[in-house]
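Source file: protein13.txt; contents: compact mmCIF, C-alpha atoms.
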# COMPACT_ATOMS: atom_id res chain seq x y z
CA MET N 22 4.98 15.22 1.64
CA SER N 23 5.22 11.54 2.60
CA ILE N 24 3.04 8.44 2.79
CA LEU N 25 1.59 7.57 6.20
CA ALA N 26 -0.15 4.25 6.84
CA LEU N 27 -2.20 3.85 10.01
CA GLY N 28 -4.39 0.87 10.77
CA LEU N 29 -5.35 -2.07 12.87
CA SER N 30 -5.83 -5.69 11.87
CA HIS N 31 -6.22 -9.25 13.10
CA ARG N 32 -2.60 -9.05 14.22
CA THR N 33 -3.10 -6.12 16.62
CA ALA N 34 -6.77 -5.94 17.59
CA ASP N 35 -9.51 -8.26 18.76
CA LEU N 36 -12.69 -8.74 16.75
CA THR N 37 -14.69 -6.39 18.97
CA THR N 38 -12.28 -3.50 18.35
CA LEU N 39 -12.11 -4.20 14.62
CA GLU N 40 -15.88 -4.26 14.57
CA ARG N 41 -16.17 -0.83 16.20
CA VAL N 42 -13.62 0.82 13.91
CA SER N 43 -14.85 -0.81 10.70
CA ILE N 44 -16.24 1.54 8.05
CA PRO N 45 -19.43 0.36 6.32
CA ALA N 46 -19.08 0.67 2.55
CA PRO N 47 -21.71 3.43 2.15
CA GLU N 48 -19.88 5.59 4.71
CA VAL N 49 -16.39 5.30 3.19
CA PRO N 50 -16.67 8.38 0.92
CA LYS N 51 -17.82 10.52 3.85
CA ILE N 52 -14.89 9.34 5.99
CA LEU N 53 -12.47 9.97 3.11
CA HIS N 54 -13.71 13.54 2.72
CA GLU N 55 -13.42 14.11 6.45
CA LEU N 56 -9.85 12.83 6.38
CA GLN N 57 -8.87 14.92 3.37
CA GLN N 58 -10.24 18.05 5.00
CA ALA N 59 -7.92 17.53 7.97
CA GLU N 60 -5.10 20.04 8.28
CA HIS N 61 -2.16 17.78 7.42
CA VAL N 62 -3.71 15.37 4.86
CA SER N 63 -3.77 16.01 1.10
CA GLU N 64 -4.59 12.58 -0.38
CA VAL N 65 -6.15 9.56 1.26
CA MET N 66 -7.68 6.12 0.70
CA ALA N 67 -9.04 3.53 3.15
CA VAL N 68 -8.81 -0.27 2.96
CA SER N 69 -11.56 -1.86 5.06
CA THR N 70 -11.87 -5.66 4.93
CA CYS N 71 -13.07 -8.43 7.22
CA ASN N 72 -9.80 -8.41 9.17
CA ARG N 73 -8.21 -4.98 8.71
CA ILE N 74 -8.96 -1.27 8.59
CA GLU N 75 -6.14 0.83 7.16
CA VAL N 76 -5.76 4.42 6.01
CA TYR N 77 -3.06 5.42 3.52
CA ALA N 78 -2.53 9.16 3.30
CA VAL N 79 -0.16 11.72 1.84
CA VAL N 80 0.67 13.98 4.78
CA GLU N 81 2.69 17.13 5.35
CA THR N 82 4.08 16.03 8.73
CA PHE N 83 4.22 12.70 10.53
CA HIS N 84 2.75 13.71 13.89
CA GLY N 85 0.16 16.04 12.40
CA GLY N 86 -1.03 13.40 9.94
CA LEU N 87 -1.07 10.73 12.64
CA ASP N 88 -3.22 12.84 14.95
CA ASP N 89 -5.61 13.77 12.13
CA ILE N 90 -6.19 10.19 11.00
CA ALA N 91 -6.41 8.71 14.50
CA SER N 92 -8.98 11.33 15.49
CA VAL N 93 -11.23 10.57 12.52
CA LEU N 94 -11.05 6.79 13.04
CA ALA N 95 -11.74 7.20 16.76
CA ARG N 96 -14.80 9.35 16.06
CA GLN N 97 -16.01 6.76 13.57
CA ALA N 98 -15.76 4.12 16.31
CA GLY N 99 -17.34 6.29 19.00
CA MET N 100 -14.10 6.23 20.95
CA VAL N 101 -11.20 8.53 21.80
CA PRO N 102 -7.76 8.06 20.15
CA ASP N 103 -6.11 6.94 23.40
CA GLU N 104 -8.40 3.90 23.46
CA LEU N 105 -7.12 2.78 20.06
CA TYR N 106 -3.40 3.54 20.15
CA ASP N 107 -2.51 0.12 21.59
CA SER N 108 -4.25 -1.50 18.61
CA PHE N 109 -2.86 0.82 15.93
CA TYR N 110 0.24 0.19 13.86
CA VAL N 111 1.91 3.04 12.01
CA HIS N 112 4.25 3.04 9.01
CA TYR N 113 5.81 6.13 7.45
CA ALA N 114 7.54 6.94 4.18
CA GLY N 115 9.43 3.88 2.85
CA ALA N 116 8.04 1.65 5.61
CA ALA N 117 4.48 2.59 4.57
CA VAL N 118 5.25 1.62 0.97
CA GLU N 119 6.69 -1.72 2.09
CA HIS N 120 3.65 -2.41 4.27
CA LEU N 121 1.21 -1.73 1.43
CA PHE N 122 3.21 -3.99 -0.91
CA ASN N 123 3.17 -6.76 1.72
CA VAL N 124 -0.55 -6.36 2.30
CA THR N 125 -1.42 -6.47 -1.39
CA ALA N 126 0.83 -9.47 -1.98
CA GLY N 127 -1.06 -11.37 0.73
CA LEU N 128 1.94 -11.57 3.07
CA ASP N 129 0.13 -9.79 5.89
CA SER N 130 -3.19 -11.60 5.52
CA MET N 131 -4.84 -13.86 8.05
CA VAL N 132 -4.43 -16.55 5.40
CA VAL N 133 -0.99 -15.89 3.90
CA GLY N 134 -1.08 -15.82 0.12
CA GLU N 135 -4.80 -15.18 -0.30
CA THR N 136 -5.58 -13.21 -3.44
CA GLN N 137 -8.79 -11.48 -2.45
CA ILE N 138 -6.86 -8.61 -0.86
CA LEU N 139 -5.54 -7.62 -4.30
CA GLY N 140 -9.07 -6.88 -5.45
CA GLN N 141 -9.90 -5.18 -2.16
CA VAL N 142 -7.00 -2.75 -2.53
CA ARG N 143 -8.05 -2.07 -6.11
CA ALA N 144 -11.62 -1.43 -4.95
CA ALA N 145 -10.41 0.85 -2.14
CA TYR N 146 -8.48 2.91 -4.65
CA ALA N 147 -11.46 3.09 -7.00
CA THR N 148 -13.68 4.34 -4.16
CA ALA N 149 -11.14 7.00 -3.16
CA ARG N 150 -10.66 8.07 -6.75
CA GLU N 151 -14.41 8.45 -7.23
CA ALA N 152 -14.56 10.46 -4.00
CA GLY N 153 -11.85 12.76 -5.35
CA THR N 154 -9.35 12.08 -2.55
CA VAL N 155 -6.60 10.58 -4.72
CA GLY N 156 -3.88 12.64 -6.38
CA ARG N 157 -0.72 11.85 -8.29
CA THR N 158 1.21 10.36 -5.37
CA LEU N 159 -1.36 7.76 -4.30
CA HIS N 160 -2.23 7.00 -7.90
CA GLU N 161 1.34 6.09 -8.77
CA LEU N 162 1.78 4.17 -5.51
CA VAL N 163 -1.33 2.04 -6.03
CA GLN N 164 -0.49 1.26 -9.66
CA THR N 165 2.90 -0.04 -8.53
CA THR N 166 1.28 -1.89 -5.61
CA LEU N 167 -1.17 -3.78 -7.81
CA ARG N 168 1.61 -4.77 -10.20
CA VAL N 169 3.76 -6.00 -7.30
CA GLY N 170 0.89 -8.06 -5.91
CA LYS N 171 0.36 -9.74 -9.26
CA ARG N 172 4.07 -10.35 -9.67
CA VAL N 173 4.36 -12.03 -6.26
CA HIS N 174 1.53 -14.42 -7.02
CA SER N 175 2.68 -15.24 -10.56
CA GLU N 176 6.33 -15.81 -9.64
CA THR N 177 5.99 -17.60 -6.29
CA GLY N 178 2.80 -19.66 -6.53
CA LEU N 179 1.88 -18.26 -3.13
CA ASP N 180 -1.75 -17.86 -4.22
CA GLN N 181 -2.02 -21.60 -4.90
CA LEU N 182 -1.21 -22.34 -1.29
CA GLY N 183 -3.06 -19.46 0.28
CA ALA N 184 -6.75 -20.04 0.90
CA SER N 185 -9.23 -17.22 1.38
CA VAL N 186 -11.04 -16.43 4.59
CA VAL N 187 -14.14 -17.91 2.98
CA SER N 188 -12.50 -21.26 2.25
CA ALA N 189 -11.03 -21.36 5.76
CA ALA N 190 -14.49 -20.72 7.22
CA LEU N 191 -16.03 -23.44 5.08
CA ALA N 192 -13.28 -25.85 6.14
CA GLU N 193 -14.23 -25.09 9.73
CA ALA N 194 -17.88 -25.67 8.80
CA GLU N 195 -17.02 -29.09 7.38
CA ASP N 196 -15.17 -29.98 10.57
CA ALA N 197 -18.27 -29.05 12.54
CA GLY N 198 -21.01 -30.40 10.30
CA GLY N 199 -19.42 -32.90 7.93
CA ASP N 200 -18.87 -32.94 4.17
CA LEU N 201 -20.72 -30.14 2.34
CA ALA N 202 -21.34 -32.25 -0.77
CA GLY N 203 -25.04 -32.47 -1.58
CA LYS N 204 -26.11 -30.17 1.27
CA ARG N 205 -28.24 -27.02 1.18
CA ALA N 206 -26.51 -23.66 1.52
CA LEU N 207 -27.69 -20.15 2.24
CA VAL N 208 -25.62 -17.14 1.21
CA VAL N 209 -26.69 -13.87 2.83
CA GLY N 210 -25.18 -10.97 0.90
CA ALA N 211 -24.70 -10.73 -2.86
CA GLY N 212 -21.55 -8.62 -2.96
CA SER N 213 -18.00 -9.75 -3.73
CA MET N 214 -17.75 -11.85 -0.55
CA GLY N 215 -21.12 -13.47 -1.28
CA ALA N 216 -20.02 -14.32 -4.81
CA LEU N 217 -16.77 -15.75 -3.46
CA ALA N 218 -18.69 -17.83 -0.91
CA ALA N 219 -20.98 -19.18 -3.64
CA SER N 220 -17.95 -20.12 -5.73
CA HIS N 221 -16.31 -22.02 -2.87
CA LEU N 222 -19.57 -23.77 -2.03
CA ARG N 223 -19.91 -24.90 -5.64
CA LYS N 224 -16.36 -26.28 -5.61
CA ALA N 225 -17.18 -28.14 -2.38
CA GLY N 226 -20.02 -29.94 -4.17
CA ILE N 227 -22.92 -28.19 -2.47
CA GLY N 228 -26.33 -29.46 -3.60
CA SER N 229 -28.24 -26.18 -3.78
CA VAL N 230 -27.89 -22.50 -2.90
CA VAL N 231 -30.32 -19.85 -1.74
CA VAL N 232 -29.18 -16.22 -1.99
CA ALA N 233 -30.73 -13.61 0.31
CA ASN N 234 -29.94 -9.94 -0.13
CA ARG N 235 -31.42 -6.55 0.66
CA THR N 236 -31.48 -5.68 -3.06
CA GLN N 237 -33.46 -8.40 -4.79
CA ALA N 238 -31.98 -7.73 -8.24
CA ASN N 239 -28.45 -8.38 -6.94
CA ALA N 240 -29.58 -11.62 -5.27
CA GLU N 241 -31.19 -12.79 -8.50
CA ARG N 242 -28.05 -11.92 -10.46
CA LEU N 243 -25.83 -14.00 -8.16
CA ALA N 244 -28.33 -16.90 -8.09
CA ALA N 245 -28.43 -16.93 -11.90
CA SER N 246 -24.64 -17.01 -12.04
CA VAL N 247 -24.51 -19.97 -9.62
CA THR N 248 -27.16 -21.81 -11.62
CA GLU N 249 -25.20 -21.26 -14.84
CA GLN N 250 -22.24 -22.95 -13.16
CA GLY N 251 -24.26 -26.10 -12.53
CA VAL N 252 -25.68 -25.66 -9.02
CA PRO N 253 -29.42 -24.97 -8.56
CA ALA N 254 -29.84 -21.56 -6.94
CA THR N 255 -32.73 -19.28 -6.05
CA ALA N 256 -33.00 -15.74 -4.72
CA VAL N 257 -35.16 -14.57 -1.81
CA PRO N 258 -35.66 -11.19 -0.10
CA LEU N 259 -34.35 -10.62 3.41
CA ALA N 260 -37.96 -10.60 4.62
CA GLU N 261 -37.95 -14.38 4.03
CA LEU N 262 -34.68 -14.93 5.87
CA ALA N 263 -36.14 -17.13 8.62
CA ASP N 264 -37.60 -19.58 6.08
CA ALA N 265 -34.31 -19.60 4.15
CA VAL N 266 -32.33 -20.36 7.32
CA SER N 267 -34.67 -23.16 8.35
CA GLY N 268 -34.05 -24.95 5.06
CA ALA N 269 -30.24 -24.66 5.13
CA ASP N 270 -27.48 -26.92 6.42
CA VAL N 271 -24.81 -24.22 6.14
CA ALA N 272 -25.15 -20.44 5.95
CA VAL N 273 -22.47 -17.94 4.92
CA VAL N 274 -23.31 -14.38 5.97
CA CYS N 275 -21.33 -11.42 4.61
CA THR N 276 -23.42 -8.34 3.91
CA GLY N 277 -21.27 -5.38 4.96
CA ALA N 278 -24.26 -3.97 6.87
CA LYS N 279 -23.68 -1.79 9.91
CA GLY N 280 -25.78 -3.92 12.26
CA THR N 281 -26.60 -7.62 12.64
CA VAL N 282 -28.70 -9.20 9.89
CA VAL N 283 -29.19 -12.73 11.20
CA GLU N 284 -30.83 -12.72 14.63
CA THR N 285 -31.51 -15.58 17.02
CA ARG N 286 -35.20 -15.48 16.03
CA HIS N 287 -34.21 -16.33 12.45
CA VAL N 288 -32.45 -19.53 13.48
CA GLY N 289 -34.21 -21.53 16.16
CA PRO N 290 -35.49 -23.90 17.11
CA ARG N 291 -33.77 -26.39 14.79
CA THR N 292 -34.67 -29.90 13.79
CA THR N 293 -31.41 -30.43 11.85
CA PRO N 294 -27.83 -29.22 12.49
CA LEU N 295 -26.79 -25.85 11.04
CA VAL N 296 -23.39 -24.22 10.67
CA VAL N 297 -23.44 -20.41 10.36
CA CYS N 298 -20.31 -18.66 9.06
CA ASP N 299 -20.27 -14.96 9.95
CA LEU N 300 -17.67 -13.21 7.79
CA GLY N 301 -18.98 -9.69 8.30
CA LEU N 302 -17.09 -6.81 9.88
CA PRO N 303 -18.92 -5.56 11.84
CA ARG N 304 -20.68 -8.82 12.70
CA ASP N 305 -23.63 -9.81 10.56
CA VAL N 306 -24.81 -12.51 12.97
CA ASP N 307 -26.01 -12.07 16.53
CA PRO N 308 -23.52 -13.95 18.77
CA GLY N 309 -26.53 -15.50 20.53
CA VAL N 310 -27.09 -17.62 17.42
CA GLY N 311 -24.24 -19.84 18.61
CA ASP N 312 -26.21 -20.69 21.76
CA VAL N 313 -29.12 -22.21 19.84
CA ASP N 314 -29.28 -26.01 20.00
CA ASP N 315 -27.85 -27.76 16.93
CA VAL N 316 -26.28 -24.53 15.64
CA ARG N 317 -22.53 -23.98 15.33
CA LEU N 318 -21.36 -20.38 14.80
CA VAL N 319 -18.08 -19.82 12.94
CA ASP N 320 -16.91 -16.21 13.11
CA LEU N 321 -13.71 -14.39 12.22
CA ASP N 322 -12.15 -15.23 15.59
CA THR N 323 -12.72 -18.92 14.82
CA VAL N 324 -11.07 -18.52 11.42
CA ARG N 325 -8.17 -16.63 12.99
CA ARG N 326 -7.49 -19.44 15.45
CA ARG N 327 -7.70 -22.02 12.68
CA MET N 328 -5.19 -20.13 10.55
CA HIS N 329 -2.84 -19.67 13.48
CA ASP N 330 -2.93 -23.39 14.27
CA SER N 331 -2.43 -24.44 10.65
CA GLY N 332 0.34 -21.95 9.86
CA SER N 333 -1.78 -20.76 6.88
CA GLY N 334 -0.48 -23.60 4.70
CA THR N 335 2.48 -21.71 3.24
CA THR N 336 6.06 -22.81 2.90
CA GLU N 337 9.00 -20.82 4.21
CA LYS N 338 10.66 -20.98 0.80
CA GLN N 339 7.73 -19.36 -1.02
CA THR N 340 7.18 -16.76 1.66
CA ALA N 341 10.88 -15.86 1.62
CA LYS N 342 10.83 -15.52 -2.17
CA ALA N 343 7.73 -13.33 -2.00
CA SER N 344 9.33 -11.14 0.67
CA GLY N 345 12.45 -10.79 -1.49
CA ILE N 346 10.37 -9.61 -4.44
CA VAL N 347 8.62 -7.06 -2.23
CA LEU N 348 11.92 -5.68 -0.91
CA ASP N 349 13.34 -5.37 -4.42
CA GLU N 350 10.21 -3.56 -5.57
CA VAL N 351 10.28 -1.23 -2.57
CA ARG N 352 13.88 -0.26 -3.32
CA ALA N 353 13.05 0.36 -6.98
CA TYR N 354 9.98 2.40 -6.13
CA LEU N 355 11.78 4.57 -3.59
CA ALA N 356 14.70 5.09 -5.96
CA GLY N 357 12.29 6.21 -8.64
CA GLN N 358 10.59 8.59 -6.22
CA ARG N 359 13.90 10.12 -5.15
CA SER N 360 14.93 10.59 -8.75
CA ALA N 361 11.55 12.10 -9.59
CA ALA N 362 11.86 14.47 -6.64
CA VAL N 363 15.01 15.97 -8.19
CA THR N 364 13.44 16.37 -11.63
CA PRO N 365 11.54 19.61 -10.90
CA THR N 366 14.71 21.22 -9.57
CA VAL N 367 16.67 20.07 -12.63
CA THR N 368 13.91 21.52 -14.79
CA ALA N 369 14.09 24.77 -12.85
CA LEU N 370 17.87 24.83 -13.31
CA ARG N 371 17.59 24.41 -17.08
CA LYS N 372 14.91 27.10 -17.16
CA ARG N 373 17.19 29.43 -15.20
CA ALA N 374 20.07 28.71 -17.60
CA ALA N 375 17.83 29.45 -20.59
CA GLU N 376 16.79 32.74 -19.01
CA VAL N 377 20.45 33.71 -18.45
CA VAL N 378 21.30 32.87 -22.07
CA ASP N 379 18.37 34.90 -23.37
CA ALA N 380 19.31 37.86 -21.17
CA GLU N 381 22.94 37.80 -22.35
CA LEU N 382 21.91 37.57 -26.00
CA LEU N 383 19.61 40.53 -25.49
CA ARG N 384 22.50 42.48 -23.96
CA LEU N 385 24.65 41.51 -26.96
CA ASP N 386 21.96 42.87 -29.30
CA ARG N 387 21.98 46.18 -27.47
CA ARG N 388 25.77 46.50 -27.39
CA LEU N 389 26.36 45.37 -30.98
CA PRO N 390 23.22 46.22 -32.93
CA GLU N 391 25.12 46.05 -36.19
CA ILE N 392 25.46 42.22 -35.99
CA ASP N 393 23.48 40.65 -38.83
CA ALA N 394 20.68 38.17 -38.09
CA ASP N 395 22.56 35.07 -39.29
CA THR N 396 25.55 35.80 -37.08
CA ARG N 397 23.30 36.52 -34.14
CA GLU N 398 21.47 33.21 -34.56
CA GLU N 399 24.74 31.28 -34.81
CA VAL N 400 26.08 32.93 -31.64
CA GLY N 401 22.82 32.08 -29.86
CA ARG N 402 22.98 28.43 -30.92
CA THR N 403 26.62 28.21 -29.86
CA VAL N 404 25.97 29.66 -26.40
CA LYS N 405 22.99 27.34 -25.87
CA ARG N 406 25.06 24.31 -26.92
CA VAL N 407 27.77 25.24 -24.45
CA VAL N 408 25.26 25.62 -21.62
CA ASP N 409 23.51 22.34 -22.52
CA LYS N 410 26.80 20.46 -22.53
CA LEU N 411 27.86 21.95 -19.23
CA LEU N 412 24.54 21.02 -17.60
CA HIS N 413 24.08 17.59 -19.14
CA ALA N 414 26.51 15.53 -17.04
CA PRO N 415 25.66 17.06 -13.64
CA THR N 416 21.88 16.90 -14.19
CA VAL N 417 22.01 13.27 -15.30
CA ARG N 418 24.35 12.37 -12.46
CA VAL N 419 22.27 14.13 -9.82
CA LYS N 420 19.26 11.98 -10.75
CA GLN N 421 21.39 8.85 -10.49
CA LEU N 422 22.76 9.87 -7.12
CA ALA N 423 19.30 10.74 -5.81
CA ALA N 424 18.01 7.32 -6.84
CA GLU N 425 20.93 5.53 -5.18
CA THR N 426 20.80 7.16 -1.75
CA SER N 427 18.48 9.11 0.50
CA ASP N 428 21.29 10.42 2.69
CA THR N 429 21.71 13.65 0.71
CA ASP N 430 19.04 16.12 -0.39
CA TYR N 431 20.36 16.78 -3.87
CA ALA N 432 17.39 18.94 -4.85
CA THR N 433 18.10 21.36 -2.01
CA ALA N 434 21.81 21.33 -2.86
CA LEU N 435 21.06 22.33 -6.46
CA ARG N 436 18.75 25.12 -5.37
CA GLU N 437 21.39 26.46 -2.98
CA LEU N 438 24.26 26.22 -5.45
CA PHE N 439 22.42 27.93 -8.31
CA GLU N 440 20.24 30.24 -6.20
CA LEU N 441 17.03 28.79 -7.62
CA ASP N 442 13.61 29.93 -6.47
CA PRO N 443 12.51 27.43 -3.75
CA GLN N 444 8.96 27.59 -5.17
CA ALA N 445 10.03 26.76 -8.71
CA PRO N 446 9.95 22.96 -8.33
CA LYS N 447 6.41 23.11 -6.95
CA THR N 448 5.17 24.89 -10.03
CA VAL N 449 6.67 22.19 -12.21
CA SER N 450 5.83 18.95 -10.40
CA SER N 451 2.29 19.31 -8.97
CA PRO N 452 2.62 15.95 -7.15
CA SER N 453 -0.94 16.10 -5.84
CA ALA N 454 -2.63 17.12 -9.06
CA PRO N 455 -6.18 15.74 -9.46
CA MET N 456 -6.55 12.62 -11.57
CA THR N 457 -7.99 12.98 -15.04
CA THR N 458 -10.38 10.70 -16.84
CA THR N 459 -7.51 9.33 -18.88
CA ASP N 460 -5.76 7.90 -15.83
CA GLN N 461 -6.41 4.19 -15.53
CA ILE N 462 -6.56 1.78 -12.63
CA ASP N 463 -4.01 -0.98 -13.21
CA GLY N 464 -5.60 -4.37 -12.97
CA ASP N 465 -9.05 -3.34 -14.21
CA ASN N 466 -8.58 -6.14 -16.69
CA PRO N 467 -6.71 -8.80 -14.74
Written form, structure tokens:
Amino acid sequence: MSILALGLSHRTADLTTLERVSIPAPEVPKILHELQQAEHVSEVMAVSTCNRIEVYAVVETFHGGLDDIASVLARQAGMVPDELYDSFYVHYAGAAVEHLFNVTAGLDSMVVGETQILGQVRAAYATAREAGTVGRTLHELVQTTLRVGKRVHSETGLDQLGASVVSAALAEAEDAGGDLAGKRALVVGAGSMGALAASHLRKAGIGSVVVANRTQANAERLAASVTEQGVPATAVPLAELADAVSGADVAVVCTGAKGTVVETRHVGPRTTPLVVCDLGLPRDVDPGVGDVDDVRLVDLDTVRRRMHDSGSGTTEKQTAKASGIVLDEVRAYLAGQRSAAVTPTVTALRKRAAEVVDAELLRLDRRLPEIDADTREEVGRTVKRVVDKLLHAPTVRVKQLAAETSDTDYATALRELFELDPQAPKTVSSPSAPMTTTDQIDGDNP
């Protein structure tokens, strides 16, 4: 069983393709179950953000897992796999681990160094865990991934240079409509992206905020939070969206809905300029909004071009240091996995040795029944000590060798040399065992 990562992002696909393949949040559990029920997939989670859709799965075979995942994503998009293969990227085994570490550290983001992806990976894991599609392998991988992401940011300062997609969009909005200080803002969507948008607007000196959301209670909660931070904010239902848009100078839209939320009829005609930032994937704003007089539409393609032109604001030195940390962590993780893979076989070997000792002592009892109990116990302890000493050095060394290189399958070698049951390690390791309520998500308390 190995890790397979298949996805598409701002680096490989245009916004239209990303939009078609994107998985709305309410549908993620259904897609995860469909993936897990595929023939070659045992564990799976999906990371779906405004600029990437990725599936991480534990698969039995590379080609089988690839076909299974591509088929599900294609069906989700209403396409056939052949239409998506040019946009897909695929990573397997160690390369998949390295890719996930890079993603979580912000090294593969549209804005290099942004920290939001760390929370998105954590949320993706939580969703998969709740759906019951995560086992031991993905659990351990994600715990390591979250730790690596935190380490990169704390040791390199990359997060201080890396802006978020929201801040990049607002910078584009300022270029189009001038300083945001004192202006009126509308935030459509009260989820994590909406909260992030409200935070950036507050830091930009926005004069007031209106929050519109399908669930009124969530809108009121976000508006109250913004007000507590010193910016007047009110909540309105989506039914009043047109009035909210008419009173805004800048609107940030990020709902996660499957279809468009802001239509042309909500926007025009205008008497004052308006900048609309559409950060939804799929789009939350009808592209026709950009054709309305005095309205400037900033979408993810606009942000992508801005980031490409600016070089994302990172320095080569910090990026190189972050990449070095990732590589070191990948090596350590893979070494640990190789060592762990040998452990069940070592356990099976010690079990086999104990069975041989017990069988020989039983034979001794039958051949020499006159031996008293004390002598028998001393002989038993002596034989067990001899066996333990003989096994100690090779079993310790085989774990070390397995961690140091992947060129030799030491587990198989042990099973062949000592004629161990090939099924024995499986009964010991249970690498895909279901998670229990005591397992924790690293980073729940950042």
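Minimum distance to Gly289 of chain N across N:Asp320, N:Glu119, N:Asp103, N:Asp264 (counting only C-alpha atoms) occurs at N:Asp264.
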Please provide the set of residues having any atom within 6 Å of segment 170-176 of chain N, restricted to all atoms listed in the file, with same-chain residues fewer than 4 positions apart removed, written as a list in words.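 Neighbouring residues, sequence-local ones excluded: Thr125, Ala126, Asp180 and Ala343 of chain N.
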Top pick for closest residue to Pro253 of chain N, considering N:Gly277, N:Thr403, N:Ala219, N:Asn234 and counting all atoms listed in the file: N:Ala219
Please report the interatomic distance between atom CA of Gly153 of chain N and atom CA of Ala78 of chain N in Å with one decimal.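 About the pair atom CA of Gly153 of chain N and atom CA of Ala78 of chain N: they are 13.2 Å apart.
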Just want the 7 Å neighbourhood of Leu207 of chain N, counted on all atoms listed in the file, with same-chain residues fewer than 4 positions away dropped. Output as number ranges by chain. N: 230-232, 265-266, 269, 271-273
From the set N:Glu398, N:Glu337, N:Glu60, N:Asp35, which residue has the shortest atom-to-atom contact distance to Ser108 of chain N, counting all atoms listed in the file?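 Among N:Glu398, N:Glu337, N:Glu60, N:Asp35, it is N:Asp35 that comes nearest to Ser108 of chain N.
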Leaving out segment 344-355 of chain N and any residue of its chain fewer than 5 positions from it, which residues lie within 12 Å of it when counting all atoms listed in the file, given as a PyMOL selection string? chain N and resi 23-24+114-129+133-134+158+161-177+179+337-339+360-362+423-427
List as a tab-separated table (two decimals) with C-alpha atoms, in the coordinates of the input the protein and nucleic acid residues near segment 294-311 of chain N, meaning an atom at most 8 Å away when only C-alpha atoms are counted, but skip any in the same chain fewer than 3 places from it.
chain	number	residue	atom	x	y	z
N	39	LEU	CA	-12.11	-4.20	14.62
N	40	GLU	CA	-15.88	-4.26	14.57
N	41	ARG	CA	-16.17	-0.83	16.20
N	43	SER	CA	-14.85	-0.81	10.70
N	70	THR	CA	-11.87	-5.66	4.93
N	71	CYS	CA	-13.07	-8.43	7.22
N	72	ASN	CA	-9.80	-8.41	9.17
N	187	VAL	CA	-14.14	-17.91	2.98
N	190	ALA	CA	-14.49	-20.72	7.22
N	191	LEU	CA	-16.03	-23.44	5.08
N	194	ALA	CA	-17.88	-25.67	8.80
N	197	ALA	CA	-18.27	-29.05	12.54
N	198	GLY	CA	-21.01	-30.40	10.30
N	269	ALA	CA	-30.24	-24.66	5.13
N	270	ASP	CA	-27.48	-26.92	6.42
N	271	VAL	CA	-24.81	-24.22	6.14
N	272	ALA	CA	-25.15	-20.44	5.95
N	273	VAL	CA	-22.47	-17.94	4.92
N	274	VAL	CA	-23.31	-14.38	5.97
N	275	CYS	CA	-21.33	-11.42	4.61
N	276	THR	CA	-23.42	-8.34	3.91
N	277	GLY	CA	-21.27	-5.38	4.96
N	278	ALA	CA	-24.26	-3.97	6.87
N	279	LYS	CA	-23.68	-1.79	9.91
N	280	GLY	CA	-25.78	-3.92	12.26
N	281	THR	CA	-26.60	-7.62	12.64
N	282	VAL	CA	-28.70	-9.20	9.89
N	283	VAL	CA	-29.19	-12.73	11.20
N	284	GLU	CA	-30.83	-12.72	14.63
N	285	THR	CA	-31.51	-15.58	17.02
N	288	VAL	CA	-32.45	-19.53	13.48
N	291	ARG	CA	-33.77	-26.39	14.79
N	315	ASP	CA	-27.85	-27.76	16.93
N	316	VAL	CA	-26.28	-24.53	15.64
N	317	ARG	CA	-22.53	-23.98	15.33
N	318	LEU	CA	-21.36	-20.38	14.80
N	319	VAL	CA	-18.08	-19.82	12.94
N	320	ASP	CA	-16.91	-16.21	13.11
N	321	LEU	CA	-13.71	-14.39	12.22
Between atom CA of Gly212 of chain N and atom CA of Thr236 of chain N, what is the spacing in Å?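 These two atoms are separated by 10.4 Å.
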In Å, rounded to a single decimal, give me how far atom CA of Val404 of chain N is from atom CA of Val367 of chain N.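 Separating atom CA of Val367 of chain N from atom CA of Val404 of chain N is a distance of 19.2 Å.
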May I have the protein, DNA and RNA residues with any atom at most 9 Å from the point (-32.2, -29.9, -6.1), counting all atoms listed in the file, written as a short mmCIF file (atom, residue, chain, number, x, y, z; two decimals) with C-alpha atoms, in the coordinates of the input?
data_model
loop_
_atom_site.label_atom_id
_atom_site.label_comp_id
_atom_site.auth_asym_id
_atom_site.auth_seq_id
_atom_site.Cartn_x
_atom_site.Cartn_y
_atom_site.Cartn_z
CA GLY N 203 -25.04 -32.47 -1.58
CA ARG N 205 -28.24 -27.02 1.18
CA GLY N 228 -26.33 -29.46 -3.60
CA SER N 229 -28.24 -26.18 -3.78
CA VAL N 252 -25.68 -25.66 -9.02
CA PRO N 253 -29.42 -24.97 -8.56
CA ALA N 254 -29.84 -21.56 -6.94
#
Excluding Ala245 of chain N and its own-chain neighbours fewer than 3 positions away, which residues fall within 8 Å of it when counting only C-alpha atoms? Please give them as a PyMOL selection string. chain N and resi 241-242+248-249+254-255
Within 9 Å of (-4.3, 20.4, 13.6), in the coordinates the file gives, what residues turn up when you count only C-alpha atoms, written out as a ChimeraX atom specification? /N:59-61,85-86,88-89
